[in-house]
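Remarks on the structure that follows.
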Amino acid sequence: MLTNRKEYDIIVAGGGISGVAIAYGLIRKNSRLKIAVIDAPTEVNRASRTNVGLVWCQSKFLDKPHYAKWGFISRRLFPELIQELTEVSGIKVPAYFEGGLIPVLSEAEYNQKGDYIEKLRAALGEYRGNMIDRAELERKLPKIPFGPEVCGAAWCEEDGFLNPLALLRAYRVALMNSGVDFLNDTVVYSVEPKNNAYSVHTQIGELSCERLVLACGLANKRLAQFAVNDLPIFADKGQVLLTERMPFVMPIPVLGCTQTVAGTVIIGFKHETRGHDATVIPHSVAQEGAWALRVWPELGKKRIIRTWPGLRVMPNDKVAIYSHLPGHENVTLINTHSAVTMAAAHTRLVAGFVLGEEAHECAKDMTLKRFGFAV
Ligand SMILES: Cc1cc2nc3c(=O)[nH]c(=O)nc-3n(C[C@H](O)[C@H](O)[C@H](O)COP(=O)(O)OP(=O)(O)OC[C@H]3O[C@@H](n4cnc5c(N)ncnc54)[C@H](O)[C@@H]3O)c2cc1C
């Protein structure tokens, strides 16, 4: 979008899923705000376009119960948010919130996962899920002939999945329809504090704002340098395989081999640390393929039509960062590795924090303070 405006109330640097979710929350809170979202595709910061689209809460963060709870809070906000985005943007976002499954391939794994779930239930006070045996798994997904080793699954009724590209597009169009300037294909070079405001140096010149949101994924590390020397985040690599289309048989997503609404199956859940190397490593992604064949042998008859890598933005302690920068309470940084799952919370519950409100109870320990910064 072309604009002649140079001064904004708020600039959101980065139009991936985090940036658009926050920006939409901001304009919903106050439609008079002059907001710009600035985005440029980069090789490294492509996670918003390379993810699986799972809204996934189960079986994680036992050691960080407040963060586990945050995921469930976000998930519960989704259905109403998606309906609203569809109305405002006119774009349908295919989404299923019928639960989620993690298949297990041995009794030992079944018991281990069951033990984890019970501990999580105790830590959270409530948990709408449990281990299910193979017969129950087959009742939930009757059209999938599971491999002989599959003896059951971890089940949670609160998980779900959506089309992440449709969600991104719906947010973007909703923003534009709400009067936000969306500056596409525009690189942010740097940020400079100036006269109680911020100068944002971009490909199309200097823009200024009173409040700034840094939502550039891994590029936040460079852009935040005016206040934080070495932002505690790193690149966490994922690689996936995509099969050809087949009839839709998976209304409940299976972690690790998830069928998309279009009928393709995305295989892969690996986390690797390889710096900013965003190339496909065949032997690595092949391991994921081998696991998927044990779960769903029929996949072996399907063609792999694509494979792609993506770099997640991972905070060093694996908990989201929502924080003002030291000495800059009008600059908010957002870095989280499950930003699709968290998008609804970002829109409804984090946007206020950008405007100076108290952080949500669950998110108040997610600032940079935990890394020793004075915020
Ligand atoms: C293989 C894979 C599978 C995943 N699956 C899931 C999943 O199922 N569910 C889930 O919740 N999460 C999943 N994730 C994680 C999720 O994709 C990320 O948490 C999310 O993309 C982070 O969003 P973001 O907007 O913070 O950062 P990014 O996605 O990195 O977006 C940053 C944006 O900023 C822009 N940008 C960067 N630098 C600049 C600059 N200098 N100037 C202008 N613009 C700039 C980029 O173009 C981009 O649009 C997955 C990730 C991977 C890699």
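Just remember, in the structure tokens the first chain shown is A, the second B, etc., residues are 1-based per chain, and ligands are 1-based in the order shown.
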| request: Do a neighbour search on stretch 66-77 of chain A at 9 Å with only C-alpha atoms, toss out local chain neighbours closer than 2 positions, and write the hits as an MDAnalysis selection string. | output: chainID A and resid 55:64 79:82 97 120 124 158:160 319:320 338 341:346 348:349 362:363 365:366
Selection above as a file: C-alpha atoms, as an mmCIF file, in the first residue's frame:
```
data_model
loop_
_atom_site.group_PDB
_atom_site.id
_atom_site.type_symbol
_atom_site.label_atom_id
_atom_site.label_comp_id
_atom_site.auth_asym_id
_atom_site.auth_seq_id
_atom_site.Cartn_x
_atom_site.Cartn_y
_atom_site.Cartn_z
ATOM 1 C CA VAL A 55 -3.163 -24.503 17.588
ATOM 2 C CA TRP A 56 -1.466 -26.777 20.046
ATOM 3 C CA CYS A 57 -1.734 -26.708 23.815
ATOM 4 C CA GLN A 58 -1.348 -30.280 25.015
ATOM 5 C CA SER A 59 1.536 -32.189 26.551
ATOM 6 C CA LYS A 60 3.968 -29.324 26.922
ATOM 7 C CA PHE A 61 5.536 -26.881 29.380
ATOM 8 C CA LEU A 62 5.108 -28.924 32.560
ATOM 9 C CA ASP A 63 8.109 -26.995 33.918
ATOM 10 C CA LYS A 64 6.437 -23.677 32.946
ATOM 11 C CA PRO A 79 -13.340 -19.373 17.488
ATOM 12 C CA GLU A 80 -14.810 -15.946 18.137
ATOM 13 C CA LEU A 81 -11.706 -14.189 16.737
ATOM 14 C CA ILE A 82 -11.819 -16.189 13.517
ATOM 15 C CA PHE A 97 -11.051 -27.117 17.026
ATOM 16 C CA LEU A 120 0.452 -31.366 33.867
ATOM 17 C CA LEU A 124 -2.629 -26.604 35.822
ATOM 18 C CA GLU A 158 -8.635 -28.296 23.290
ATOM 19 C CA ASP A 159 -6.158 -28.547 20.396
ATOM 20 C CA GLY A 160 -6.958 -27.670 16.831
ATOM 21 C CA VAL A 319 8.997 -18.968 26.879
ATOM 22 C CA ALA A 320 7.513 -16.074 24.901
ATOM 23 C CA SER A 338 4.315 -20.759 18.706
ATOM 24 C CA THR A 341 -1.195 -20.846 18.675
ATOM 25 C CA MET A 342 -0.680 -17.590 20.553
ATOM 26 C CA ALA A 343 -2.158 -15.291 17.883
ATOM 27 C CA ALA A 344 -5.556 -14.947 19.561
ATOM 28 C CA ALA A 345 -3.939 -14.018 22.889
ATOM 29 C CA HIS A 346 -1.719 -11.545 21.061
ATOM 30 C CA ARG A 348 -6.974 -9.822 22.557
ATOM 31 C CA LEU A 349 -4.580 -9.723 25.506
ATOM 32 C CA CYS A 362 -0.296 -15.047 32.855
ATOM 33 C CA ALA A 363 2.140 -12.972 30.812
ATOM 34 C CA ASP A 365 6.642 -12.770 33.956
ATOM 35 C CA MET A 366 7.300 -12.959 30.231
#
```
| Test item: residues lying within 7 Å of ligand 1 with only C-alpha atoms and all ligand atoms, as number ranges by chain | A: 13-19, 38-42, 45-56, 186-189, 215-219, 237-240, 269, 309-313, 334-342
| field | Computed interatomic separation between atom CA of A:Tyr198 and atom CA of A:Tyr8 (Å) | value |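 About the pair atom CA of A:Tyr198 and atom CA of A:Tyr8: they are 9.9 Å apart.
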| task | Would you please work out which residue, of A:Val191, A:His324, A:Val12, A:Pro145, is nearest to A:Pro297 when using only C-alpha atoms? | result |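 Of the candidates, the smallest distance to A:Pro297 is held by A:Pro145.
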| said: Quick check, in Å to one decimal: how far apart do atom CA of A:Ala122 and atom CA of A:Ala154 lie? | reply: 16.4 Å
| When you draw a straight line from atom CA of A:Glu244 to atom CA of A:Glu138, how long is it in Å? | 23.3 Å
| request: Could you tell me which of A:Glu192, A:Leu101, A:Ala174, A:Lys369 comes closest to A:Glu206 if we count only C-alpha atoms? | output: A:Glu192
